[in-house]
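Here is the file input-v3.txt (compact mmCIF, C-alpha atoms).
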# COMPACT_ATOMS: atom_id res chain seq x y z
CA MET A 1 5.71 0.72 -26.50
CA LYS A 2 6.26 2.40 -23.16
CA LYS A 3 5.34 0.54 -19.98
CA SER A 4 2.92 3.29 -18.91
CA ARG A 5 0.96 2.99 -22.15
CA ILE A 6 0.76 -0.78 -21.86
CA LEU A 7 -0.55 -0.53 -18.31
CA SER A 8 -3.15 2.00 -19.36
CA LEU A 9 -4.37 -0.26 -22.16
CA LEU A 10 -4.48 -3.29 -19.89
CA VAL A 11 -6.62 -1.51 -17.34
CA ALA A 12 -8.88 -0.16 -20.04
CA GLY A 13 -9.37 -3.63 -21.50
CA LEU A 14 -9.95 -5.22 -18.12
CA LEU A 15 -12.70 -2.85 -17.16
CA GLY A 16 -14.22 -2.35 -20.56
CA PHE A 17 -13.70 1.35 -20.83
CA SER A 18 -11.71 3.78 -22.90
CA ALA A 19 -9.36 6.05 -20.99
CA VAL A 20 -10.47 9.63 -21.46
CA SER A 21 -7.75 11.99 -22.61
CA CYS A 22 -6.33 14.22 -19.90
CA ALA A 23 -6.62 17.03 -22.44
CA ASP A 24 -10.43 17.00 -22.23
CA LYS A 25 -11.31 20.44 -20.98
CA ASP A 26 -14.41 19.53 -18.99
CA PRO A 27 -14.54 15.88 -17.84
CA SER A 28 -17.82 16.44 -16.01
CA ILE A 29 -21.26 14.91 -16.18
CA THR A 30 -21.96 14.16 -19.84
CA ALA A 31 -25.11 14.92 -21.77
CA GLU A 32 -25.26 11.37 -23.08
CA LYS A 33 -24.06 8.15 -21.52
CA ASP A 34 -20.57 7.22 -22.63
CA PRO A 35 -20.68 3.90 -24.53
CA PHE A 36 -17.79 2.62 -22.40
CA ALA A 37 -19.28 3.71 -19.08
CA VAL A 38 -19.22 1.31 -16.14
CA SER A 39 -22.64 0.44 -14.74
CA SER A 40 -23.00 0.13 -10.99
CA GLU A 41 -26.14 -0.46 -8.98
CA LYS A 42 -26.99 3.21 -8.51
CA LEU A 43 -24.70 5.17 -10.81
CA ASP A 44 -23.03 4.88 -14.20
CA PHE A 45 -19.55 6.33 -14.49
CA LYS A 46 -16.55 6.31 -16.76
CA ILE A 47 -12.98 5.94 -15.61
CA ASP A 48 -10.47 8.57 -16.63
CA THR A 49 -6.90 7.26 -16.38
CA LEU A 50 -4.84 10.32 -15.50
CA TYR A 51 -1.41 8.86 -14.77
CA THR A 52 0.26 5.46 -15.01
CA ASP A 53 3.81 5.83 -13.70
CA PHE A 54 3.57 5.97 -9.92
CA ILE A 55 5.78 3.74 -7.80
CA SER A 56 3.78 2.69 -4.70
CA PRO A 57 1.53 5.75 -4.35
CA TRP A 58 -0.01 6.06 -0.87
CA GLY A 59 -1.74 9.38 -0.31
CA MET A 60 -3.07 12.55 -1.96
CA THR A 61 -4.42 15.97 -1.12
CA TRP A 62 -5.41 19.16 -2.93
CA LEU A 63 -4.19 22.73 -2.51
CA PRO A 64 -6.64 25.66 -2.61
CA ASP A 65 -5.38 26.61 -6.09
CA GLY A 66 -6.50 23.20 -7.39
CA LYS A 67 -3.08 21.56 -7.56
CA MET A 68 -2.92 18.00 -6.27
CA LEU A 69 -0.07 16.48 -4.25
CA VAL A 70 0.49 12.72 -4.40
CA VAL A 71 3.04 10.93 -2.20
CA GLU A 72 4.90 7.74 -3.01
CA ARG A 73 6.09 5.41 -0.26
CA ALA A 74 9.75 5.82 -1.23
CA GLY A 75 9.58 9.49 -0.20
CA GLU A 76 8.56 11.41 -3.32
CA MET A 77 5.79 14.02 -3.60
CA LEU A 78 4.49 14.72 -7.12
CA ILE A 79 2.64 17.86 -8.16
CA PHE A 80 -0.39 17.69 -10.50
CA GLU A 81 -2.28 20.57 -12.07
CA ASN A 82 -5.57 20.19 -13.96
CA ASP A 83 -5.22 16.42 -13.45
CA VAL A 84 -1.88 16.35 -15.28
CA PHE A 85 1.53 15.66 -13.74
CA THR A 86 3.48 18.90 -13.98
CA GLY A 87 6.81 17.09 -14.11
CA ASN A 88 7.72 18.63 -10.76
CA LYS A 89 8.41 16.88 -7.49
CA VAL A 90 8.65 18.59 -4.10
CA SER A 91 12.19 18.98 -2.79
CA GLY A 92 13.24 19.43 0.84
CA LEU A 93 11.10 16.63 2.29
CA PRO A 94 12.40 14.86 5.42
CA ALA A 95 14.50 11.73 4.94
CA VAL A 96 12.21 8.70 4.71
CA ARG A 97 12.99 5.10 5.66
CA GLU A 98 11.33 2.85 3.10
CA ILE A 99 11.12 -0.78 4.18
CA ASN A 100 8.21 -3.18 3.71
CA GLN A 101 5.10 -1.11 4.59
CA ALA A 102 7.04 1.82 6.05
CA GLY A 103 7.82 4.98 4.13
CA LEU A 104 6.02 8.21 3.22
CA LEU A 105 2.45 7.24 4.01
CA ASP A 106 0.15 10.25 3.96
CA VAL A 107 -0.17 13.96 3.24
CA THR A 108 -2.93 16.36 4.26
CA LEU A 109 -3.53 20.07 4.74
CA HIS A 110 -4.27 21.97 7.92
CA PRO A 111 -7.98 22.96 7.99
CA ASP A 112 -6.85 26.62 8.02
CA TYR A 113 -4.22 26.09 5.33
CA ALA A 114 -5.21 29.31 3.56
CA SER A 115 -4.00 31.27 6.60
CA ASN A 116 -1.09 29.21 7.92
CA GLY A 117 0.16 27.11 4.98
CA TRP A 118 0.83 23.94 7.01
CA ILE A 119 1.04 20.61 5.19
CA TYR A 120 1.21 17.46 7.35
CA LEU A 121 3.06 14.24 6.61
CA ALA A 122 3.01 10.75 8.12
CA TYR A 123 6.27 8.95 7.43
CA ALA A 124 8.78 6.44 8.78
CA ARG A 125 12.35 7.33 9.66
CA THR A 126 15.27 5.46 11.14
CA GLN A 127 15.78 5.73 14.88
CA GLY A 128 18.02 3.62 17.09
CA ASP A 129 17.96 0.01 15.91
CA GLY A 130 14.66 0.32 14.07
CA GLU A 131 12.11 2.70 12.64
CA VAL A 132 9.55 5.12 14.05
CA LEU A 133 6.37 6.63 12.64
CA VAL A 134 6.58 10.42 12.63
CA ILE A 135 3.99 13.14 12.14
CA GLY A 136 5.55 16.31 10.80
CA ARG A 137 4.59 19.51 9.05
CA GLY A 138 6.08 22.04 6.66
CA LYS A 139 5.14 24.62 4.06
CA LEU A 140 5.29 24.61 0.29
CA SER A 141 7.22 27.42 -1.37
CA GLY A 142 7.07 26.83 -5.09
CA THR A 143 8.26 23.24 -5.30
CA ASN A 144 10.31 23.34 -2.09
CA PHE A 145 9.20 22.10 1.34
CA THR A 146 10.25 24.63 3.99
CA ASP A 147 9.88 25.32 7.71
CA TYR A 148 9.74 21.59 8.37
CA GLU A 149 9.31 20.27 11.91
CA ASP A 150 8.53 16.90 13.49
CA ILE A 151 5.58 17.33 15.83
CA TYR A 152 5.17 13.77 17.15
CA VAL A 153 7.41 10.71 17.11
CA CYS A 154 5.78 7.37 17.96
CA GLY A 155 7.61 5.06 20.29
CA PRO A 156 9.32 2.85 20.88
CA GLU A 157 11.22 2.24 17.63
CA TRP A 158 10.57 -1.10 15.95
CA LYS A 159 12.43 -3.19 13.41
CA GLY A 160 10.93 -4.59 10.23
CA GLY A 161 8.74 -1.86 8.75
CA ARG A 162 5.49 -3.76 9.18
CA HIS A 163 2.10 -2.32 10.19
CA PHE A 164 2.88 1.41 10.21
CA GLY A 165 -0.59 2.63 9.22
CA SER A 166 -0.98 5.56 8.66
CA ARG A 167 -3.59 8.20 7.89
CA ILE A 168 -4.05 11.77 9.15
CA VAL A 169 -7.39 13.58 9.54
CA PHE A 170 -8.60 16.73 11.30
CA ASP A 171 -11.95 17.12 13.05
CA ASN A 172 -14.27 20.12 13.28
CA ASP A 173 -12.40 21.46 16.31
CA GLY A 174 -9.01 21.35 14.61
CA TYR A 175 -7.67 18.29 16.45
CA LEU A 176 -5.33 16.04 14.48
CA PHE A 177 -5.98 12.28 14.52
CA PHE A 178 -3.59 9.72 13.05
CA SER A 179 -3.28 5.94 13.02
CA ASN A 180 -0.30 3.75 13.87
CA GLY A 181 -0.18 -0.02 13.34
CA ASP A 182 0.79 -2.62 15.95
CA LYS A 183 4.15 -3.28 14.21
CA GLY A 184 3.22 -6.84 13.25
CA SER A 185 5.69 -8.92 15.25
CA ARG A 186 4.05 -8.19 18.62
CA PRO A 187 0.27 -7.83 18.33
CA MET A 188 -0.19 -7.23 22.08
CA ASN A 189 1.33 -3.78 21.57
CA ALA A 190 -2.20 -2.78 20.60
CA GLN A 191 -3.57 -3.65 24.07
CA GLU A 192 -0.86 -1.92 26.08
CA LEU A 193 -1.05 1.79 26.81
CA ASP A 194 2.69 2.33 27.35
CA ASN A 195 3.40 2.45 23.61
CA ASP A 196 1.95 4.24 20.56
CA HIS A 197 1.45 1.10 18.45
CA GLY A 198 -1.90 -0.33 17.40
CA LYS A 199 -3.65 2.92 18.24
CA VAL A 200 -5.42 6.02 16.96
CA LEU A 201 -3.74 9.09 18.46
CA ARG A 202 -5.01 12.65 18.93
CA LEU A 203 -2.97 15.85 19.02
CA HIS A 204 -3.25 19.59 18.83
CA ASP A 205 -2.17 20.83 15.40
CA ASP A 206 1.32 21.65 16.75
CA GLY A 207 1.83 18.21 18.32
CA ARG A 208 0.87 19.05 21.89
CA ILE A 209 -1.20 16.44 23.71
CA PRO A 210 -4.74 17.60 24.52
CA ALA A 211 -5.57 17.69 28.23
CA ASP A 212 -8.88 15.86 27.64
CA ASN A 213 -7.36 12.81 25.90
CA PRO A 214 -8.63 9.67 27.67
CA PHE A 215 -5.36 8.39 29.19
CA VAL A 216 -3.40 11.55 29.97
CA ASN A 217 -3.68 10.98 33.72
CA GLU A 218 -3.04 7.24 33.68
CA PRO A 219 0.45 6.29 34.94
CA ASN A 220 2.85 5.13 32.20
CA ALA A 221 0.23 5.58 29.48
CA LYS A 222 0.97 7.48 26.29
CA GLY A 223 -1.07 10.65 26.53
CA ALA A 224 -1.71 10.93 22.80
CA ILE A 225 -3.78 7.71 22.68
CA TRP A 226 -7.40 8.17 21.63
CA SER A 227 -8.34 4.52 20.94
CA TYR A 228 -6.48 1.21 21.18
CA GLY A 229 -6.74 -2.42 20.11
CA ASN A 230 -6.42 -1.39 16.44
CA ARG A 231 -4.30 -3.77 14.33
CA ASN A 232 -3.24 -1.65 11.35
CA ILE A 233 -5.43 1.24 10.20
CA GLN A 234 -4.60 2.40 6.67
CA GLY A 235 -7.88 4.18 6.01
CA MET A 236 -9.52 6.92 8.05
CA VAL A 237 -12.04 9.66 7.26
CA TYR A 238 -13.86 12.25 9.36
CA ASP A 239 -17.59 12.87 8.83
CA LYS A 240 -17.92 16.59 9.47
CA ALA A 241 -21.71 16.65 9.37
CA ASN A 242 -22.15 13.96 12.02
CA ASN A 243 -18.88 14.38 13.97
CA ARG A 244 -17.84 10.77 13.35
CA LEU A 245 -14.38 9.31 12.84
CA TRP A 246 -14.44 6.22 10.61
CA ALA A 247 -11.51 3.85 10.17
CA VAL A 248 -10.79 0.60 8.36
CA GLU A 249 -8.09 -1.76 9.55
CA HIS A 250 -6.42 -4.86 8.20
CA GLY A 251 -7.32 -8.13 9.84
CA PRO A 252 -4.96 -11.10 9.69
CA LYS A 253 -6.33 -13.79 7.32
CA GLY A 254 -9.89 -12.51 7.28
CA GLY A 255 -11.39 -10.08 9.74
CA ASP A 256 -10.76 -6.70 8.10
CA GLU A 257 -12.85 -4.20 10.06
CA LEU A 258 -14.78 -0.96 9.66
CA ASN A 259 -14.89 0.82 13.00
CA LEU A 260 -16.40 4.00 14.37
CA ILE A 261 -13.49 5.34 16.42
CA GLU A 262 -14.52 6.82 19.77
CA LYS A 263 -12.71 8.23 22.77
CA GLY A 264 -10.92 5.71 24.98
CA LYS A 265 -12.47 2.62 23.42
CA ASN A 266 -10.76 -0.75 22.97
CA TYR A 267 -11.27 -2.35 19.54
CA GLY A 268 -10.07 -5.74 20.67
CA TRP A 269 -7.02 -6.69 18.64
CA PRO A 270 -5.52 -9.30 19.15
CA VAL A 271 -7.81 -10.60 21.93
CA ILE A 272 -10.86 -10.75 19.65
CA SER A 273 -10.88 -11.12 15.87
CA TYR A 274 -12.90 -12.54 13.00
CA GLY A 275 -9.68 -13.63 11.29
CA ILE A 276 -7.20 -16.46 11.70
CA ASN A 277 -3.42 -16.71 11.42
CA TYR A 278 -1.91 -16.59 7.93
CA ASP A 279 -0.90 -20.26 8.25
CA GLY A 280 -4.53 -21.21 8.91
CA SER A 281 -4.14 -21.83 12.65
CA ILE A 282 -6.45 -20.30 15.23
CA LEU A 283 -5.41 -16.83 16.34
CA THR A 284 -8.04 -16.49 19.07
CA GLU A 285 -11.21 -18.36 19.96
CA LEU A 286 -12.97 -15.08 20.74
CA THR A 287 -14.87 -12.82 18.38
CA GLU A 288 -16.32 -10.69 21.17
CA LYS A 289 -15.53 -9.80 24.76
CA GLU A 290 -16.99 -7.44 27.33
CA GLY A 291 -15.28 -4.06 27.21
CA MET A 292 -14.18 -4.48 23.59
CA GLU A 293 -15.92 -2.92 20.60
CA GLN A 294 -17.50 -4.86 17.77
CA PRO A 295 -16.78 -3.67 14.23
CA VAL A 296 -19.55 -1.91 12.35
CA THR A 297 -18.89 -4.45 9.61
CA TYR A 298 -16.09 -6.85 8.73
CA TRP A 299 -14.78 -8.78 5.74
CA VAL A 300 -14.14 -12.53 5.55
CA PRO A 301 -12.24 -13.19 3.37
CA SER A 302 -10.20 -10.02 3.61
CA ILE A 303 -10.25 -7.41 0.88
CA ALA A 304 -7.20 -5.81 2.59
CA THR A 305 -8.93 -2.53 3.42
CA CYS A 306 -6.91 0.58 2.80
CA GLY A 307 -7.73 4.25 2.15
CA MET A 308 -11.29 5.51 2.37
CA ALA A 309 -13.51 8.44 1.47
CA LEU A 310 -16.93 9.72 2.49
CA VAL A 311 -19.00 10.86 -0.49
CA THR A 312 -20.46 14.30 0.19
CA SER A 313 -20.48 15.53 -3.41
CA ASP A 314 -23.60 16.37 -5.40
CA LYS A 315 -21.82 14.96 -8.46
CA TYR A 316 -22.67 11.45 -7.20
CA PRO A 317 -26.19 11.99 -5.83
CA THR A 318 -27.04 8.30 -5.45
CA TRP A 319 -23.77 7.66 -3.60
CA LYS A 320 -24.04 10.66 -1.29
CA GLY A 321 -23.40 9.67 2.33
CA ASN A 322 -21.71 6.40 1.29
CA LEU A 323 -18.25 5.27 2.38
CA LEU A 324 -15.81 4.18 -0.31
CA VAL A 325 -13.16 1.74 0.93
CA ALA A 326 -10.07 0.84 -1.09
CA GLY A 327 -9.17 -2.85 -1.30
CA LEU A 328 -5.66 -4.16 -1.92
CA ALA A 329 -6.07 -7.93 -2.05
CA GLY A 330 -9.66 -7.43 -3.20
CA MET A 331 -8.46 -5.17 -6.04
CA GLN A 332 -11.58 -3.05 -5.75
CA VAL A 333 -13.38 -0.20 -4.07
CA ALA A 334 -16.16 -1.24 -1.70
CA ARG A 335 -19.14 1.12 -1.62
CA LEU A 336 -20.90 1.01 1.75
CA GLU A 337 -24.38 2.45 2.28
CA LEU A 338 -25.06 3.73 5.78
CA ASP A 339 -28.08 4.20 7.99
CA GLY A 340 -26.63 6.34 10.74
CA ALA A 341 -23.68 4.33 12.02
CA LYS A 342 -24.84 1.03 10.50
CA VAL A 343 -23.88 -0.48 7.15
CA THR A 344 -26.99 -1.52 5.24
CA HIS A 345 -25.56 -2.53 1.86
CA GLU A 346 -22.25 -3.12 0.10
CA GLU A 347 -21.33 -3.02 -3.58
CA THR A 348 -18.01 -3.81 -5.27
CA LEU A 349 -16.72 -1.16 -7.67
CA LEU A 350 -13.67 -1.24 -10.00
CA LYS A 351 -13.34 -4.99 -9.61
CA ASP A 352 -9.88 -6.26 -10.64
CA ILE A 353 -8.46 -2.80 -11.38
CA GLY A 354 -5.49 -3.65 -9.14
CA ARG A 355 -4.40 -3.00 -5.56
CA VAL A 356 -6.29 0.18 -4.65
CA ARG A 357 -4.25 2.03 -2.03
CA GLN A 358 -6.29 5.20 -1.57
CA VAL A 359 -9.60 6.69 -2.62
CA SER A 360 -10.32 10.39 -2.05
CA GLN A 361 -12.86 13.06 -2.87
CA SER A 362 -11.40 16.29 -4.26
CA PRO A 363 -12.58 19.73 -3.12
CA ASP A 364 -14.50 20.10 -6.39
CA GLY A 365 -16.34 16.88 -5.68
CA TYR A 366 -14.75 14.18 -7.87
CA ILE A 367 -13.62 10.75 -6.71
CA TYR A 368 -10.00 9.74 -7.36
CA ALA A 369 -8.23 6.46 -6.67
CA LEU A 370 -4.58 5.45 -6.46
CA VAL A 371 -3.71 1.93 -7.64
CA GLU A 372 -0.49 0.66 -6.13
CA ALA A 373 1.12 -2.09 -8.20
CA THR A 374 0.19 -0.67 -11.60
CA GLY A 375 0.95 2.90 -10.52
CA LEU A 376 -2.36 4.39 -11.65
CA LEU A 377 -4.26 7.54 -10.81
CA VAL A 378 -7.88 7.30 -11.97
CA LYS A 379 -10.87 9.61 -11.71
CA LEU A 380 -14.52 8.52 -11.70
CA ILE A 381 -16.67 10.66 -13.97
CA PRO A 382 -20.42 10.30 -13.25
CA GLN A 383 -22.81 10.02 -16.17
CA SER A 384 -26.14 11.75 -16.55
Would you mind writing the file out in structure tokens?
Amino acid sequence: MKKSRILSLLVAGLLGFSAVSCADKDPSITAEKDPFAVSSEKLDFKIDTLYTDFISPWGMTWLPDGKMLVVERAGEMLIFENDVFTGNKVSGLPAVREINQAGLLDVTLHPDYASNGWIYLAYARTQGDGEVLVIGRGKLSGTNFTDYEDIYVCGPEWKGGRHFGSRIVFDNDGYLFFSNGDKGSRPMNAQELDNDHGKVLRLHDDGRIPADNPFVNEPNAKGAIWSYGNRNIQGMVYDKANNRLWAVEHGPKGGDELNLIEKGKNYGWPVISYGINYDGSILTELTEKEGMEQPVTYWVPSIATCGMALVTSDKYPTWKGNLLVAGLAGMQVARLELDGAKVTHEETLLKDIGRVRQVSQSPDGYIYALVEATGLLVKLIPQS
């Protein structure tokens, strides 16, 4: 029996559902509750296992024609159509350095993709004696990536491939935000403005630095910095209706954080934290300090927060306005209810499905999740 089939059966057994065939023509809200549906506090849903053969999937996006692009950390981009892998991978991508947590980390479309065709990547490449995080863009011609250009290279280079982030989002004004981790071996990078590490950065869509960024006029500061004191953000989503930028970042041992990212603010890492060192020793005695932001919520123990989505779809009416946060170590998706910018309730979904790397809402309103170690792509189908 093929490995992919075994994995699919294992996940189905673990969660108590039957994988729905990808050949189903309309996997939408059903007239009657599926007998294998998963019951959550506010919504019943079934889990459609669409694909089982990914190797470290990290990000996904959808083209206007409905095709889906999924990137793997090793540098591959797979093309799906009607929720089925077409068998095609995109050629012509930039050379990717895969080491530890570094590699091809995200893909997203320009907000005006229909007019300009730009697709953006976050990836690691070799530079000097180490690696750098790069934001680049290109266009898709059939299955070939063309017109590629790097638009921002984070510095300085760093060895080891740890804590690279990274997610890319655009706001209502067309500004590009992306995250870059502190690089792991030197946490104080996040507090220093002369490097791009441990930060959220903001650019024009072509990589130029906006004149109203908070530190553009500060000597020796990197002009692209929007926020700092961020350990390693691997999940970020923009709330268009409320003009809010949400991010989740990994803590050390404990202390994963949900933050509302705002201009020029310091989120404290490593001066303040709700976590401890991995060996159990004290990292810092401080959990708060004047001039440093408190998280909106945090997790102790860690769930290893990763990708995230904001539910805006009418297909999940009782989840609308909720944040969905992928959990690696927690092997789950955390559903967070909000009252404005406050978290009022949390529920665990997909418990023990595996290391969830990303969760996204498609343009047609469905929730998808990428599961890293088992290489799964799943889709949540709400029940009536």
Distance of CA of Lys139 (chain A) from CA of Gly92 (chain A), expressed in Å to one decimal place: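 Separation between CA of Gly92 (chain A) and CA of Lys139 (chain A): 10.1 Å.
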One-decimal distance in Å that lies between CA of Phe80 (chain A) and CA of Lys67 (chain A): 5.6 Å
Residue neighbourhood region 330-344 of chain A, 7 Å, all atoms listed in the file, exclusion window fewer than 2 positions, as a PyMOL selection string: chain A and resi 296-297+303-304+322-328+346-356
Those same residues, written as a PDB file, in the frame of the given file with C-alpha atoms?
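This is the output file part_9.pdb:
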ATOM      1  CA  VAL A 296     -19.550  -1.910  12.350  1.00  0.00           C
ATOM      2  CA  THR A 297     -18.890  -4.450   9.610  1.00  0.00           C
ATOM      3  CA  ILE A 303     -10.250  -7.410   0.880  1.00  0.00           C
ATOM      4  CA  ALA A 304      -7.200  -5.810   2.590  1.00  0.00           C
ATOM      5  CA  ASN A 322     -21.710   6.400   1.290  1.00  0.00           C
ATOM      6  CA  LEU A 323     -18.250   5.270   2.380  1.00  0.00           C
ATOM      7  CA  LEU A 324     -15.810   4.180  -0.310  1.00  0.00           C
ATOM      8  CA  VAL A 325     -13.160   1.740   0.930  1.00  0.00           C
ATOM      9  CA  ALA A 326     -10.070   0.840  -1.090  1.00  0.00           C
ATOM     10  CA  GLY A 327      -9.170  -2.850  -1.300  1.00  0.00           C
ATOM     11  CA  LEU A 328      -5.660  -4.160  -1.920  1.00  0.00           C
ATOM     12  CA  GLU A 346     -22.250  -3.120   0.100  1.00  0.00           C
ATOM     13  CA  GLU A 347     -21.330  -3.020  -3.580  1.00  0.00           C
ATOM     14  CA  THR A 348     -18.010  -3.810  -5.270  1.00  0.00           C
ATOM     15  CA  LEU A 349     -16.720  -1.160  -7.670  1.00  0.00           C
ATOM     16  CA  LEU A 350     -13.670  -1.240 -10.000  1.00  0.00           C
ATOM     17  CA  LYS A 351     -13.340  -4.990  -9.610  1.00  0.00           C
ATOM     18  CA  ASP A 352      -9.880  -6.260 -10.640  1.00  0.00           C
ATOM     19  CA  ILE A 353      -8.460  -2.800 -11.380  1.00  0.00           C
ATOM     20  CA  GLY A 354      -5.490  -3.650  -9.140  1.00  0.00           C
ATOM     21  CA  ARG A 355      -4.400  -3.000  -5.560  1.00  0.00           C
ATOM     22  CA  VAL A 356      -6.290   0.180  -4.650  1.00  0.00           C
TER      23      VAL A 356
END
So which residues touch Pro94 (chain A) within 12 Å, counting only C-alpha atoms, skipping near sequence neighbours fewer than 6 positions away, as a short mmCIF file (atom, residue, chain, number, x, y, z; two decimals) with C-alpha atoms, keeping the file's coordinate frame?
data_model
loop_
_atom_site.label_atom_id
_atom_site.label_comp_id
_atom_site.auth_asym_id
_atom_site.auth_seq_id
_atom_site.Cartn_x
_atom_site.Cartn_y
_atom_site.Cartn_z
CA ALA A 74 9.75 5.82 -1.23
CA GLY A 75 9.58 9.49 -0.20
CA GLU A 76 8.56 11.41 -3.32
CA MET A 77 5.79 14.02 -3.60
CA GLY A 103 7.82 4.98 4.13
CA LEU A 104 6.02 8.21 3.22
CA TYR A 120 1.21 17.46 7.35
CA LEU A 121 3.06 14.24 6.61
CA ALA A 122 3.01 10.75 8.12
CA TYR A 123 6.27 8.95 7.43
CA ALA A 124 8.78 6.44 8.78
CA ARG A 125 12.35 7.33 9.66
CA THR A 126 15.27 5.46 11.14
CA VAL A 134 6.58 10.42 12.63
CA ILE A 135 3.99 13.14 12.14
CA GLY A 136 5.55 16.31 10.80
CA ARG A 137 4.59 19.51 9.05
CA GLY A 138 6.08 22.04 6.66
CA ASN A 144 10.31 23.34 -2.09
CA PHE A 145 9.20 22.10 1.34
CA THR A 146 10.25 24.63 3.99
CA ASP A 147 9.88 25.32 7.71
CA TYR A 148 9.74 21.59 8.37
CA GLU A 149 9.31 20.27 11.91
CA ASP A 150 8.53 16.90 13.49
#
Spatial neighbours of region 361-377 of chain A, 6 Å, all atoms listed in the file, chain gap at least 6 places, as a PyMOL selection string: chain A and resi 50-57+313+355
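Across the model, the gap from CA of Asn189 (chain A) to CA of Pro210 (chain A) is 22.4 Å.
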Can you fill out region 169-185 of chain A with N, CA and C atoms and hand it back as a short mmCIF file (atom, residue, chain, number, x, y, z; two decimals), in the coordinates of the input?
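Final file, rebuild-v3.cif:
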data_model
loop_
_atom_site.label_atom_id
_atom_site.label_comp_id
_atom_site.auth_asym_id
_atom_site.auth_seq_id
_atom_site.Cartn_x
_atom_site.Cartn_y
_atom_site.Cartn_z
N VAL A 169 -6.18 12.80 9.79
CA VAL A 169 -7.39 13.58 9.54
C VAL A 169 -7.53 14.63 10.63
N PHE A 170 -8.26 15.69 10.32
CA PHE A 170 -8.60 16.73 11.30
C PHE A 170 -10.11 16.72 11.53
N ASP A 171 -10.52 17.05 12.77
CA ASP A 171 -11.95 17.12 13.05
C ASP A 171 -12.43 18.57 13.01
N ASN A 172 -13.69 18.78 13.36
CA ASN A 172 -14.27 20.12 13.28
C ASN A 172 -13.64 21.11 14.24
N ASP A 173 -13.02 20.60 15.31
CA ASP A 173 -12.40 21.46 16.31
C ASP A 173 -10.90 21.66 16.06
N GLY A 174 -10.40 21.14 14.95
CA GLY A 174 -9.01 21.35 14.61
C GLY A 174 -8.04 20.37 15.24
N TYR A 175 -8.55 19.32 15.90
CA TYR A 175 -7.67 18.29 16.45
C TYR A 175 -7.18 17.37 15.33
N LEU A 176 -5.95 16.94 15.45
CA LEU A 176 -5.33 16.04 14.48
C LEU A 176 -5.39 14.61 15.01
N PHE A 177 -5.94 13.70 14.21
CA PHE A 177 -5.98 12.28 14.52
C PHE A 177 -5.10 11.54 13.51
N PHE A 178 -4.34 10.56 13.98
CA PHE A 178 -3.59 9.72 13.05
C PHE A 178 -3.54 8.30 13.58
N SER A 179 -3.29 7.37 12.66
CA SER A 179 -3.28 5.94 13.02
C SER A 179 -1.86 5.40 12.97
N ASN A 180 -1.60 4.42 13.83
CA ASN A 180 -0.30 3.75 13.87
C ASN A 180 -0.55 2.27 14.09
N GLY A 181 0.03 1.42 13.24
CA GLY A 181 -0.18 -0.02 13.34
C GLY A 181 0.57 -0.65 14.51
N ASP A 182 0.25 -1.93 14.78
CA ASP A 182 0.79 -2.62 15.95
C ASP A 182 2.22 -3.10 15.78
N LYS A 183 2.78 -2.91 14.59
CA LYS A 183 4.15 -3.28 14.21
C LYS A 183 4.31 -4.75 13.86
N GLY A 184 3.22 -5.52 13.85
CA GLY A 184 3.22 -6.84 13.25
C GLY A 184 3.80 -7.95 14.09
N SER A 185 5.02 -7.81 14.56
CA SER A 185 5.69 -8.92 15.25
C SER A 185 5.25 -9.08 16.70
#
